[in-house]
Structures are given as structure tokens and as C-alpha cells.
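The structure file model-v8.cif is reproduced below (mmCIF, C-alpha atoms).
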```cif
data_target
loop_
_atom_site.label_atom_id
_atom_site.label_comp_id
_atom_site.auth_asym_id
_atom_site.auth_seq_id
_atom_site.Cartn_x
_atom_site.Cartn_y
_atom_site.Cartn_z
CA MET T 1 116.36 156.62 115.76
CA PRO T 2 113.63 153.97 116.28
CA VAL T 3 114.59 150.32 115.94
CA SER T 4 113.78 148.91 112.49
CA PHE T 5 114.49 145.50 111.00
CA ASP T 6 113.26 146.61 107.57
CA ARG T 7 116.75 146.67 106.05
CA ILE T 8 117.47 143.02 106.79
CA ALA T 9 113.97 141.52 106.57
CA SER T 10 114.52 139.91 103.17
CA ASN T 11 117.80 138.30 104.29
CA TYR T 12 116.96 137.60 107.91
CA GLN T 13 116.55 133.84 107.51
CA PHE T 14 119.83 133.66 105.58
CA PHE T 15 121.77 135.39 108.37
CA GLU T 16 120.06 133.26 111.00
CA THR T 17 120.84 130.03 109.17
CA ILE T 18 124.49 130.96 108.72
CA ALA T 19 124.83 131.63 112.43
CA PHE T 20 122.59 128.99 114.01
CA GLY T 21 121.31 126.58 111.38
CA ASN T 22 117.76 125.58 112.36
CA ALA T 23 118.31 125.94 116.11
CA LEU T 24 116.30 129.13 116.55
CA GLN T 25 113.30 127.78 114.66
CA ARG T 26 113.36 124.61 116.76
CA ALA T 27 113.37 126.83 119.85
CA ARG T 28 110.43 128.89 118.52
CA ILE T 29 108.19 125.86 118.08
CA ALA T 30 109.37 123.86 121.10
CA PHE T 31 106.04 124.28 122.93
CA ILE T 32 103.73 125.10 120.02
CA SER T 33 101.75 121.92 120.70
CA ARG T 34 100.57 123.46 123.98
CA ILE T 35 98.42 125.93 122.05
CA ARG T 36 94.87 124.65 121.72
CA ASP T 37 92.87 124.85 118.50
CA ASP T 38 90.43 127.64 119.33
CA GLU T 39 92.54 129.90 121.54
CA ARG T 40 93.32 133.55 121.06
CA VAL T 41 97.05 134.01 120.54
CA LEU T 42 99.20 137.14 120.71
CA VAL T 43 102.49 136.85 118.80
CA LEU T 44 104.89 139.71 119.51
CA GLY T 45 107.80 140.44 117.21
CA GLU T 46 106.86 137.63 114.82
CA GLY T 47 109.54 138.61 112.33
CA ASP T 48 109.50 136.91 108.94
CA GLY T 49 106.61 134.56 109.69
CA ARG T 50 108.16 131.14 110.20
CA PHE T 51 106.57 130.58 113.59
CA LEU T 52 103.23 131.91 112.34
CA ALA T 53 103.25 129.58 109.33
CA GLU T 54 103.88 126.57 111.57
CA LEU T 55 101.15 127.69 113.96
CA LEU T 56 98.66 127.99 111.10
CA ARG T 57 99.54 124.51 109.87
CA ARG T 58 98.97 122.98 113.27
CA LYS T 59 96.22 125.19 114.69
CA PRO T 60 94.22 126.61 111.76
CA GLU T 61 91.30 127.63 113.98
CA ALA T 62 93.36 129.73 116.39
CA GLU T 63 92.63 133.45 116.50
CA ILE T 64 95.97 135.23 116.08
CA ASP T 65 97.19 138.81 116.46
CA CYS T 66 100.72 139.46 115.15
CA ILE T 67 102.48 142.62 116.29
CA ASP T 68 105.69 143.82 114.67
CA ALA T 69 107.37 147.21 114.37
CA SER T 70 108.85 146.34 110.96
CA ALA T 71 106.60 146.76 107.93
CA ALA T 72 108.99 144.65 105.85
CA MET T 73 108.85 141.81 108.39
CA ILE T 74 105.05 141.94 108.38
CA GLN T 75 105.07 141.74 104.59
CA SER T 76 107.31 138.69 104.75
CA ALA T 77 105.18 137.06 107.45
CA ARG T 78 102.01 137.71 105.47
CA ALA T 79 103.56 136.13 102.37
CA ARG T 80 104.60 133.01 104.28
CA ALA T 81 101.20 132.69 105.92
CA ALA T 82 99.42 133.08 102.58
CA VAL T 83 100.87 129.75 101.45
CA ILE T 84 99.03 127.91 104.21
CA PRO T 85 95.51 128.27 102.70
CA SER T 86 96.64 126.47 99.53
CA GLU T 87 98.08 123.67 101.65
CA ALA T 88 94.78 123.48 103.53
CA ARG T 89 92.85 123.38 100.24
CA ASP T 90 95.02 120.50 99.04
CA LEU T 91 94.30 118.60 102.24
CA ALA T 92 90.60 119.43 101.99
CA SER T 93 90.54 118.03 98.45
CA VAL T 94 92.01 114.76 99.70
CA HIS T 95 89.40 114.61 102.46
CA LYS T 96 86.63 115.35 99.96
CA ARG T 97 87.74 112.57 97.61
CA LEU T 98 87.95 110.19 100.55
CA ALA T 99 84.47 111.20 101.72
CA SER T 100 83.09 110.66 98.20
CA SER T 101 84.55 107.18 98.08
CA LEU T 102 82.76 106.36 101.34
CA GLY T 103 79.37 107.33 99.97
CA PRO T 104 76.90 110.23 100.21
CA SER T 105 77.42 112.78 102.92
CA SER T 106 75.24 115.45 104.45
CA PRO T 107 75.27 119.03 103.15
CA GLN T 108 76.98 120.04 106.37
CA ASP T 109 79.84 117.59 105.71
CA GLU T 110 80.31 118.88 102.18
CA SER T 111 80.59 122.53 103.14
CA VAL T 112 82.92 122.80 106.07
CA ARG T 113 83.06 126.48 106.85
CA VAL T 114 85.22 128.73 108.96
CA MET T 115 84.65 132.04 110.67
CA ASN T 116 86.80 135.09 110.03
CA ARG T 117 87.57 137.79 112.56
CA THR T 118 84.34 139.66 111.82
CA GLY T 119 82.19 136.58 112.47
CA VAL T 120 81.19 136.23 108.80
CA VAL T 121 80.87 132.67 107.54
CA CYS T 122 83.45 132.03 104.85
CA ALA T 123 83.44 129.73 101.86
CA PRO T 124 84.43 126.06 102.12
CA ARG T 125 88.16 125.44 102.57
CA ASP T 126 88.51 123.86 99.13
CA ASP T 127 87.24 127.04 97.46
CA ALA T 128 90.06 128.18 95.17
CA SER T 129 89.15 131.83 95.72
CA LEU T 130 90.00 131.81 99.43
CA GLN T 131 92.45 134.38 100.76
CA LEU T 132 94.47 134.18 103.98
CA SER T 133 92.10 136.45 105.90
CA GLU T 134 89.16 134.27 104.89
CA LEU T 135 90.71 130.96 105.79
CA SER T 136 92.34 131.78 109.09
CA CYS T 137 91.76 134.27 111.88
CA VAL T 138 94.95 136.33 111.61
CA GLN T 139 95.39 140.05 112.01
CA PHE T 140 98.68 141.88 111.49
CA HIS T 141 99.44 145.06 113.44
CA HIS T 142 102.29 147.34 112.41
CA ALA T 143 103.11 148.76 115.82
CA ASP T 144 105.84 149.29 118.36
CA ILE T 145 105.13 147.38 121.58
CA LEU T 146 106.18 150.49 123.51
CA ASP T 147 103.26 152.43 121.97
CA TRP T 148 100.73 149.65 121.27
CA LEU T 149 97.74 149.44 123.60
CA PRO T 150 96.50 145.83 123.78
CA PRO T 151 93.02 144.85 124.95
CA GLN T 152 92.98 143.84 128.61
CA ARG T 153 92.84 140.16 129.62
CA SER T 154 92.08 139.09 126.06
CA TYR T 155 94.69 136.46 125.10
CA ASP T 156 94.91 132.82 126.10
CA VAL T 157 98.50 132.54 124.86
CA VAL T 158 101.30 135.04 124.31
CA VAL T 159 104.37 134.20 122.23
CA THR T 160 107.67 136.10 122.40
CA ASN T 161 110.34 134.47 120.26
CA PHE T 162 113.72 136.24 120.42
CA PHE T 163 111.86 139.46 121.08
CA LEU T 164 112.45 140.65 124.63
CA ASP T 165 116.22 140.63 124.08
CA CYS T 166 115.70 143.69 121.84
CA PHE T 167 114.85 145.95 124.79
CA THR T 168 116.88 147.72 127.42
CA ARG T 169 116.83 147.13 131.15
CA ARG T 170 114.84 150.36 131.46
CA GLN T 171 112.20 149.39 128.85
CA LEU T 172 111.62 145.76 129.76
CA PRO T 173 109.57 146.07 133.00
CA ALA T 174 106.83 148.15 131.35
CA ILE T 175 106.72 145.78 128.35
CA VAL T 176 106.33 142.64 130.47
CA GLU T 177 103.68 144.36 132.59
CA LYS T 178 101.79 145.34 129.43
CA ILE T 179 101.94 141.75 128.14
CA GLY T 180 100.77 140.41 131.49
CA ASN T 181 97.78 142.76 131.50
CA ALA T 182 96.83 141.64 127.98
CA THR T 183 96.66 137.94 128.89
CA ALA T 184 93.77 136.11 130.51
CA LEU T 185 93.94 134.92 134.11
CA ASN T 186 94.43 131.33 132.91
CA SER T 187 97.01 131.77 130.18
CA ARG T 188 100.34 130.51 128.87
CA TRP T 189 103.47 132.32 127.75
CA LEU T 190 105.65 130.64 125.12
CA PHE T 191 109.07 132.22 125.49
CA SER T 192 112.26 131.57 123.54
CA ASP T 193 115.39 133.66 123.68
CA PHE T 194 119.10 133.68 124.31
CA SER T 195 120.57 133.11 127.75
CA ILE T 196 123.87 133.19 129.59
CA PRO T 197 124.41 129.89 131.41
CA PRO T 198 126.06 130.04 134.84
CA TYR T 199 128.94 127.67 134.12
CA ALA T 200 132.23 129.07 132.82
CA LEU T 201 132.56 127.59 129.33
CA GLY T 202 128.90 128.06 128.41
CA GLY T 203 128.89 131.57 129.84
CA LEU T 204 131.94 132.60 127.83
CA HIS T 205 130.46 131.07 124.66
CA ALA T 206 127.21 132.97 125.19
CA LYS T 207 128.86 136.30 125.96
CA VAL T 208 130.95 136.17 122.77
CA TRP T 209 127.90 135.41 120.63
CA LEU T 210 125.81 138.09 122.32
CA ARG T 211 128.50 140.72 121.88
CA VAL T 212 128.65 139.94 118.15
CA MET T 213 124.86 139.94 117.74
CA TYR T 214 124.22 143.16 119.63
CA SER T 215 126.96 144.90 117.63
CA PHE T 216 125.50 143.61 114.36
CA PHE T 217 121.93 144.67 115.12
CA ARG T 218 123.06 148.05 116.41
CA ILE T 219 124.51 148.67 112.94
CA VAL T 220 121.74 147.23 110.76
CA ALA T 221 118.65 147.92 112.91
CA ASP T 222 119.62 150.81 115.21
CA LEU T 223 119.07 148.57 118.21
CA GLU T 224 119.43 150.51 121.46
CA ALA T 225 119.84 147.47 123.73
CA ASN T 226 123.41 146.33 124.24
CA GLU T 227 123.03 143.61 126.88
CA LEU T 228 120.81 140.61 127.51
CA VAL T 229 118.43 141.21 130.40
CA ASP T 230 116.93 138.18 132.13
CA ALA T 231 113.16 138.60 131.83
CA SER T 232 112.33 135.66 134.13
CA PRO T 233 111.88 137.72 137.35
CA LEU T 234 109.57 140.11 135.51
CA ILE T 235 107.49 137.30 133.99
CA ARG T 236 107.24 135.68 137.41
CA ALA T 237 106.15 139.00 138.93
CA ALA T 238 103.36 139.16 136.32
CA GLY T 239 101.89 136.01 137.88
CA PHE T 240 103.37 133.31 135.65
CA GLN T 241 105.16 130.18 136.81
CA LEU T 242 107.80 128.33 134.80
CA ARG T 243 106.49 124.88 133.89
CA GLU T 244 109.06 123.58 131.43
CA GLU T 245 112.38 124.61 129.93
CA ARG T 246 114.62 123.34 127.13
CA MET T 247 118.19 124.47 126.49
CA THR T 248 120.36 124.06 123.39
CA ARG T 249 123.70 125.29 122.04
CA PHE T 250 125.55 124.94 125.36
CA GLY T 251 122.82 126.91 127.12
CA LEU T 252 122.86 129.84 124.68
CA ILE T 253 119.30 129.20 123.44
CA LYS T 254 116.35 128.47 125.70
CA SER T 255 112.66 127.72 125.25
CA GLN T 256 110.30 128.10 128.17
CA LEU T 257 106.66 127.41 128.90
CA TRP T 258 105.14 129.70 131.54
CA GLU T 259 101.61 129.36 132.92
CA ARG T 260 99.36 131.60 134.97
CA SER T 261 96.37 130.29 136.89
CA SER T 262 93.56 132.21 138.51
#
```

Let me see the structure of the file written as C-alpha cells.
Amino acid sequence: MPVSFDRIASNYQFFETIAFGNALQRARIAFISRIRDDERVLVLGEGDGRFLAELLRRKPEAEIDCIDASAAMIQSARARAAVIPSEARDLASVHKRLASSLGPSSPQDESVRVMNRTGVVCAPRDDASLQLSELSCVQFHHADILDWLPPQRSYDVVVTNFFLDCFTRRQLPAIVEKIGNATALNSRWLFSDFSIPPYALGGLHAKVWLRVMYSFFRIVADLEANELVDASPLIRAAGFQLREERMTRFGLIKSQLWERSS
């Protein structure tokens, strides 16, 4: 059976919080500030949308493609992201009142506009009729990474948050190669996942947690993978170099920033 997180999508954050508190979300956004405002971003296995929502808050002009094999997760991510336009409208209203208090402004100042994915000029950000697709450049793709065919050399940034651990040792090389081919020559890879530290106590702690998690997701999501495969050699082989790394939970959780230069 294909892997599907549909059955636990509505409770995913609850399970995550019980197990790890806010540690996984902190890992997801550890290097989010390295994404520039106007870049094209590929987010693989976004899940319930918490990383996407934070990215939209910080980088509203980024052009984002979200790929997930779970329709329920996409629905959840879309719902979270839809809240961001109202937050942006509230901020725009504050800016508009402040601008009014400073005196007359030009027509261009009063009608700040954004471009959607089709290149059509949208309404001002404080327009109450705005929808998510009009305010931000986000597209959701319901697809399995094993079958999805990405455009070549298109993305400035790729994000894989607790995603590559879902694949087997046999599947992972082709997936990393596909991701590498989809990214531009000068690109960054924001990577967060679990790890097994080399020292005894941390390694034992990690192995116990991983055994529990793989058993759980095998039951609820039909996950085929049953071991954590280190993706670092594959990412390095795709031309990326590790620039920065942060570890938490005794080395169980890691966030990495990889870069590739032409």
C-alpha cells in the first residue's frame, strides 16, 4: 500500500507536541531567515502547514511550490496559510493609517499590489476580498515525490523538514538526485530531520525514539521505511556543501543549511 498520512493529519500536531513539544517546529524554521524575499522555494512534504505559514509571514513575496502525497495534509496546510492574508491585511491597514497621518501620498503608495503565479496584478493587500492565491505566490501539488517530475534547475531554495526519513535506503538516492536536478546552480537546501549521534548515550536515546516512531508510522501511515538513512552523503554528491548545523534533544534532532555554488 502507498504511504498516506491522511488518517493522522488532523491530529498530527497533537501527537508531535506530546512527543517533542515545540522542538520540531524550532528545527523546521532554524534557517528560514536565509530565504530571500523574492526567491522560488520548493517545500517537500510540508505536512500540516506550520512551516509554510511561518514562511509566508516572513517572506510574503516568495514564490512557493508545496508538494505532499497526503490530500488531508494539503488541506490542513492550505487552511493554515489562508490565515496569513488576513494578518497581512491587518498590517496593511496599520501602514495605511500611518501613511494618512503623515500626509498625502502618491497613487502608487496607496495601491501596493502583488503578482500572482500567472503574472496578473492583484488587488491591494488591504482589499477584504483577497484570497490566499491572490495575496501570495503559493501552489499546492498533491503528488508523490517518487512520481512527481519537477522542472529542471528552477528553485533557489529547497526545504525538506522531517521528510527524507520517510524513505528507504533503496528509494533515497533517486529522490535526492531528483531534488538536486530541480534546484538552481546557486541554491540552498534547508534540511531538518532526526539523527543518531555517535556517542553512546545520545545514540541509545535516538535509537529508542526512532524504533517507536517507525513502528507508529508503519501502523498509521503504512510507512515502508524502518530505519533512518543518513542523507548527507547523497546531498553532498548532488553538489551541496554543509554550511551550518544545529542539534537539539541530545543530538536526536538536527537542522542543516546546505549551499551549492556554480

Could you tell me which residues the PyMOL selection byres ((chain T and resi 194) around 7) returns for this structure, as a ChimeraX atom specification?
/T:193,195,252-254

With distances taken over all atoms listed in the file, which of T:Glu39, T:Leu52, T:Cys66, T:Thr17 is nearest to Ala143 of chain T?
T:Cys66

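Coordinates place atom CA of Met213 of chain T at a distance of 21.4 Å from atom CA of Ile145 of chain T.
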
On this structure, the PyMOL selection byres ((chain T and resi 144) around 10) would catch which residues? List them as a count of residues only, sorted by chain and number.
17

Set up a box along x, y and z of the file covering all listed atoms of segment 38-47 of chain T, add 3 Å on every one of the six sides, and write the centre and edge lengths in Å to one decimal, as lines of an AutoDock Vina configuration file.
```
center_x = 100.0
center_y = 134.0
center_z = 116.9
size_x = 25.1
size_y = 18.8
size_z = 15.2
```

Looking at only C-alpha atoms, which of T:Asn181, T:Gln241, T:Met73, T:Ala221 is the one that sits closest to Pro150 of chain T?
T:Asn181

Which residues come within 7 Å of segment 162-179 of chain T, counting only C-alpha atoms, excluding same-chain residues fewer than 6 positions away, as an mmCIF file with C-alpha atoms, in the coordinates of the input?
```cif
data_model
loop_
_atom_site.group_PDB
_atom_site.id
_atom_site.type_symbol
_atom_site.label_atom_id
_atom_site.label_comp_id
_atom_site.auth_asym_id
_atom_site.auth_seq_id
_atom_site.Cartn_x
_atom_site.Cartn_y
_atom_site.Cartn_z
ATOM 1 C CA GLY T 45 107.800 140.440 117.210
ATOM 2 C CA LEU T 146 106.180 150.490 123.510
ATOM 3 C CA SER T 192 112.260 131.570 123.540
ATOM 4 C CA ASP T 193 115.390 133.660 123.680
ATOM 5 C CA LEU T 223 119.070 148.570 118.210
ATOM 6 C CA ALA T 225 119.840 147.470 123.730
ATOM 7 C CA LEU T 228 120.810 140.610 127.510
ATOM 8 C CA VAL T 229 118.430 141.210 130.400
ATOM 9 C CA LEU T 234 109.570 140.110 135.510
ATOM 10 C CA ILE T 235 107.490 137.300 133.990
ATOM 11 C CA ALA T 238 103.360 139.160 136.320
#
```

So, counting only C-alpha atoms, which residue among T:Tyr214, T:Phe250, T:Trp209, T:Phe140 is closest to Ala79 of chain T?
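Between T:Tyr214, T:Phe250, T:Trp209, T:Phe140, the residue approaching Ala79 of chain T most closely is T:Phe140.
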
For atom CA of Val208 of chain T and atom CA of Phe20 of chain T, quote the distance in Å rounded to one decimal.
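Separation between atom CA of Val208 of chain T and atom CA of Phe20 of chain T: 14.1 Å.
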
Name all residues at most 8 Å from Leu185 of chain T (count only C-alpha atoms; drop same-chain ones fewer than 6 positions away) and give them as JSON, numbers by chain.
{"T": [153, 260, 261, 262]}

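Atom pair atom CA of Arg188 of chain T / atom CA of Pro233 of chain T has a distance of 16.0 Å (rounded to one decimal).
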
Let me make sure I understand: among T:Ser215, T:Gln139, T:Ser154, T:Asn226, which one has the smallest atom-to-atom distance to Ile64 of chain T if we use all atoms listed in the file?
T:Gln139

So what does the PyMOL selection byres ((chain T and resi 8-11) around 10) actually pick up in this one, as a PDB file with C-alpha atoms, in the coordinates of the input?
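Output below, filename part.pdb:
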```pdb
ATOM      1  CA  SER T   4     113.780 148.910 112.490  1.00  0.00           C
ATOM      2  CA  PHE T   5     114.490 145.500 111.000  1.00  0.00           C
ATOM      3  CA  ASP T   6     113.260 146.610 107.570  1.00  0.00           C
ATOM      4  CA  ARG T   7     116.750 146.670 106.050  1.00  0.00           C
ATOM      5  CA  TYR T  12     116.960 137.600 107.910  1.00  0.00           C
ATOM      6  CA  GLN T  13     116.550 133.840 107.510  1.00  0.00           C
ATOM      7  CA  PHE T  14     119.830 133.660 105.580  1.00  0.00           C
ATOM      8  CA  PHE T  15     121.770 135.390 108.370  1.00  0.00           C
ATOM      9  CA  GLU T  16     120.060 133.260 111.000  1.00  0.00           C
ATOM     10  CA  GLY T  47     109.540 138.610 112.330  1.00  0.00           C
ATOM     11  CA  ASP T  48     109.500 136.910 108.940  1.00  0.00           C
ATOM     12  CA  SER T  70     108.850 146.340 110.960  1.00  0.00           C
ATOM     13  CA  ALA T  71     106.600 146.760 107.930  1.00  0.00           C
ATOM     14  CA  ALA T  72     108.990 144.650 105.850  1.00  0.00           C
ATOM     15  CA  MET T  73     108.850 141.810 108.390  1.00  0.00           C
ATOM     16  CA  ILE T  74     105.050 141.940 108.380  1.00  0.00           C
ATOM     17  CA  GLN T  75     105.070 141.740 104.590  1.00  0.00           C
ATOM     18  CA  SER T  76     107.310 138.690 104.750  1.00  0.00           C
ATOM     19  CA  ALA T  77     105.180 137.060 107.450  1.00  0.00           C
ATOM     20  CA  PHE T 217     121.930 144.670 115.120  1.00  0.00           C
ATOM     21  CA  VAL T 220     121.740 147.230 110.760  1.00  0.00           C
ATOM     22  CA  ALA T 221     118.650 147.920 112.910  1.00  0.00           C
TER      23      ALA T 221
END
```

Test item: which residues lie within 10 Å of (103.6, 125.6, 125.8) counting all atoms listed in the file, as number ranges by chain
T: 29-36, 157-159, 188-191, 243-245, 255-259

Output file for the selection above: C-alpha atoms, as a PDB file, in the coordinates of the input:
```
ATOM      1  CA  ILE T  29     108.190 125.860 118.080  1.00  0.00           C
ATOM      2  CA  ALA T  30     109.370 123.860 121.100  1.00  0.00           C
ATOM      3  CA  PHE T  31     106.040 124.280 122.930  1.00  0.00           C
ATOM      4  CA  ILE T  32     103.730 125.100 120.020  1.00  0.00           C
ATOM      5  CA  SER T  33     101.750 121.920 120.700  1.00  0.00           C
ATOM      6  CA  ARG T  34     100.570 123.460 123.980  1.00  0.00           C
ATOM      7  CA  ILE T  35      98.420 125.930 122.050  1.00  0.00           C
ATOM      8  CA  ARG T  36      94.870 124.650 121.720  1.00  0.00           C
ATOM      9  CA  VAL T 157      98.500 132.540 124.860  1.00  0.00           C
ATOM     10  CA  VAL T 158     101.300 135.040 124.310  1.00  0.00           C
ATOM     11  CA  VAL T 159     104.370 134.200 122.230  1.00  0.00           C
ATOM     12  CA  ARG T 188     100.340 130.510 128.870  1.00  0.00           C
ATOM     13  CA  TRP T 189     103.470 132.320 127.750  1.00  0.00           C
ATOM     14  CA  LEU T 190     105.650 130.640 125.120  1.00  0.00           C
ATOM     15  CA  PHE T 191     109.070 132.220 125.490  1.00  0.00           C
ATOM     16  CA  ARG T 243     106.490 124.880 133.890  1.00  0.00           C
ATOM     17  CA  GLU T 244     109.060 123.580 131.430  1.00  0.00           C
ATOM     18  CA  GLU T 245     112.380 124.610 129.930  1.00  0.00           C
ATOM     19  CA  SER T 255     112.660 127.720 125.250  1.00  0.00           C
ATOM     20  CA  GLN T 256     110.300 128.100 128.170  1.00  0.00           C
ATOM     21  CA  LEU T 257     106.660 127.410 128.900  1.00  0.00           C
ATOM     22  CA  TRP T 258     105.140 129.700 131.540  1.00  0.00           C
ATOM     23  CA  GLU T 259     101.610 129.360 132.920  1.00  0.00           C
TER      24      GLU T 259
END
```

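Considering only C-alpha atoms, the residue among T:Pro198, T:Ala231, T:Glu61, T:Asp156 positioned nearest to Asn186 of chain T is T:Asp156.
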
Selection: 7 Å around Pro197 of chain T, only C-alpha atoms, excl. self and same-chain fewer than 5 positions, as a ChimeraX atom specification
/T:202-203,251-252

Give me segment 25-52 of chain T with N, CA and C atoms filled in, as a PDB file, in the frame of the given file.
```pdb
ATOM      1  N   GLN T  25     114.648 128.195 115.022  1.00  0.00           N
ATOM      2  CA  GLN T  25     113.300 127.780 114.660  1.00  0.00           C
ATOM      3  C   GLN T  25     112.835 126.615 115.543  1.00  0.00           C
ATOM      4  N   ARG T  26     113.727 125.691 115.843  1.00  0.00           N
ATOM      5  CA  ARG T  26     113.360 124.610 116.760  1.00  0.00           C
ATOM      6  C   ARG T  26     112.980 125.168 118.124  1.00  0.00           C
ATOM      7  N   ALA T  27     113.694 126.203 118.556  1.00  0.00           N
ATOM      8  CA  ALA T  27     113.370 126.830 119.850  1.00  0.00           C
ATOM      9  C   ALA T  27     112.009 127.525 119.786  1.00  0.00           C
ATOM     10  N   ARG T  28     111.712 128.172 118.660  1.00  0.00           N
ATOM     11  CA  ARG T  28     110.430 128.890 118.520  1.00  0.00           C
ATOM     12  C   ARG T  28     109.248 127.937 118.698  1.00  0.00           C
ATOM     13  N   ILE T  29     109.345 126.765 118.108  1.00  0.00           N
ATOM     14  CA  ILE T  29     108.190 125.860 118.080  1.00  0.00           C
ATOM     15  C   ILE T  29     108.257 124.773 119.143  1.00  0.00           C
ATOM     16  N   ALA T  30     109.169 124.908 120.102  1.00  0.00           N
ATOM     17  CA  ALA T  30     109.370 123.860 121.100  1.00  0.00           C
ATOM     18  C   ALA T  30     108.089 123.516 121.853  1.00  0.00           C
ATOM     19  N   PHE T  31     107.266 124.518 122.147  1.00  0.00           N
ATOM     20  CA  PHE T  31     106.040 124.280 122.930  1.00  0.00           C
ATOM     21  C   PHE T  31     104.789 124.665 122.154  1.00  0.00           C
ATOM     22  N   ILE T  32     104.879 124.684 120.835  1.00  0.00           N
ATOM     23  CA  ILE T  32     103.730 125.100 120.020  1.00  0.00           C
ATOM     24  C   ILE T  32     102.552 124.147 120.180  1.00  0.00           C
ATOM     25  N   SER T  33     102.832 122.896 120.531  1.00  0.00           N
ATOM     26  CA  SER T  33     101.750 121.920 120.700  1.00  0.00           C
ATOM     27  C   SER T  33     100.881 122.232 121.909  1.00  0.00           C
ATOM     28  N   ARG T  34     101.352 123.112 122.794  1.00  0.00           N
ATOM     29  CA  ARG T  34     100.570 123.460 123.980  1.00  0.00           C
ATOM     30  C   ARG T  34      99.489 124.499 123.672  1.00  0.00           C
ATOM     31  N   ILE T  35      99.478 125.016 122.464  1.00  0.00           N
ATOM     32  CA  ILE T  35      98.420 125.930 122.050  1.00  0.00           C
ATOM     33  C   ILE T  35      97.230 125.118 121.567  1.00  0.00           C
ATOM     34  N   ARG T  36      96.058 125.399 122.105  1.00  0.00           N
ATOM     35  CA  ARG T  36      94.870 124.650 121.720  1.00  0.00           C
ATOM     36  C   ARG T  36      94.222 125.281 120.480  1.00  0.00           C
ATOM     37  N   ASP T  37      93.369 124.505 119.837  1.00  0.00           N
ATOM     38  CA  ASP T  37      92.870 124.850 118.500  1.00  0.00           C
ATOM     39  C   ASP T  37      92.135 126.184 118.447  1.00  0.00           C
ATOM     40  N   ASP T  38      91.330 126.484 119.432  1.00  0.00           N
ATOM     41  CA  ASP T  38      90.430 127.640 119.330  1.00  0.00           C
ATOM     42  C   ASP T  38      90.848 128.788 120.233  1.00  0.00           C
ATOM     43  N   GLU T  39      92.100 128.857 120.615  1.00  0.00           N
ATOM     44  CA  GLU T  39      92.540 129.900 121.540  1.00  0.00           C
ATOM     45  C   GLU T  39      92.895 131.183 120.815  1.00  0.00           C
ATOM     46  N   ARG T  40      92.899 132.256 121.578  1.00  0.00           N
ATOM     47  CA  ARG T  40      93.320 133.550 121.060  1.00  0.00           C
ATOM     48  C   ARG T  40      94.786 133.754 121.404  1.00  0.00           C
ATOM     49  N   VAL T  41      95.597 133.999 120.385  1.00  0.00           N
ATOM     50  CA  VAL T  41      97.050 134.010 120.540  1.00  0.00           C
ATOM     51  C   VAL T  41      97.605 135.375 120.147  1.00  0.00           C
ATOM     52  N   LEU T  42      98.482 135.908 120.991  1.00  0.00           N
ATOM     53  CA  LEU T  42      99.200 137.140 120.710  1.00  0.00           C
ATOM     54  C   LEU T  42     100.649 136.796 120.409  1.00  0.00           C
ATOM     55  N   VAL T  43     101.103 137.123 119.198  1.00  0.00           N
ATOM     56  CA  VAL T  43     102.490 136.850 118.800  1.00  0.00           C
ATOM     57  C   VAL T  43     103.192 138.198 118.655  1.00  0.00           C
ATOM     58  N   LEU T  44     104.176 138.444 119.492  1.00  0.00           N
ATOM     59  CA  LEU T  44     104.890 139.710 119.510  1.00  0.00           C
ATOM     60  C   LEU T  44     106.246 139.568 118.839  1.00  0.00           C
ATOM     61  N   GLY T  45     106.532 140.505 117.924  1.00  0.00           N
ATOM     62  CA  GLY T  45     107.800 140.440 117.210  1.00  0.00           C
ATOM     63  C   GLY T  45     107.919 139.191 116.370  1.00  0.00           C
ATOM     64  N   GLU T  46     106.878 138.879 115.608  1.00  0.00           N
ATOM     65  CA  GLU T  46     106.860 137.630 114.820  1.00  0.00           C
ATOM     66  C   GLU T  46     108.013 137.548 113.838  1.00  0.00           C
ATOM     67  N   GLY T  47     108.449 138.675 113.306  1.00  0.00           N
ATOM     68  CA  GLY T  47     109.540 138.610 112.330  1.00  0.00           C
ATOM     69  C   GLY T  47     109.043 138.155 110.977  1.00  0.00           C
ATOM     70  N   ASP T  48     109.790 137.250 110.331  1.00  0.00           N
ATOM     71  CA  ASP T  48     109.500 136.910 108.940  1.00  0.00           C
ATOM     72  C   ASP T  48     108.438 135.840 108.760  1.00  0.00           C
ATOM     73  N   GLY T  49     107.804 135.390 109.829  1.00  0.00           N
ATOM     74  CA  GLY T  49     106.610 134.560 109.690  1.00  0.00           C
ATOM     75  C   GLY T  49     106.794 133.065 109.788  1.00  0.00           C
ATOM     76  N   ARG T  50     107.965 132.590 110.160  1.00  0.00           N
ATOM     77  CA  ARG T  50     108.160 131.140 110.200  1.00  0.00           C
ATOM     78  C   ARG T  50     107.418 130.478 111.351  1.00  0.00           C
ATOM     79  N   PHE T  51     107.373 131.130 112.500  1.00  0.00           N
ATOM     80  CA  PHE T  51     106.570 130.580 113.590  1.00  0.00           C
ATOM     81  C   PHE T  51     105.092 130.632 113.239  1.00  0.00           C
ATOM     82  N   LEU T  52     104.636 131.752 112.697  1.00  0.00           N
ATOM     83  CA  LEU T  52     103.230 131.910 112.340  1.00  0.00           C
ATOM     84  C   LEU T  52     102.793 130.839 111.343  1.00  0.00           C
TER      85      LEU T  52
END
```
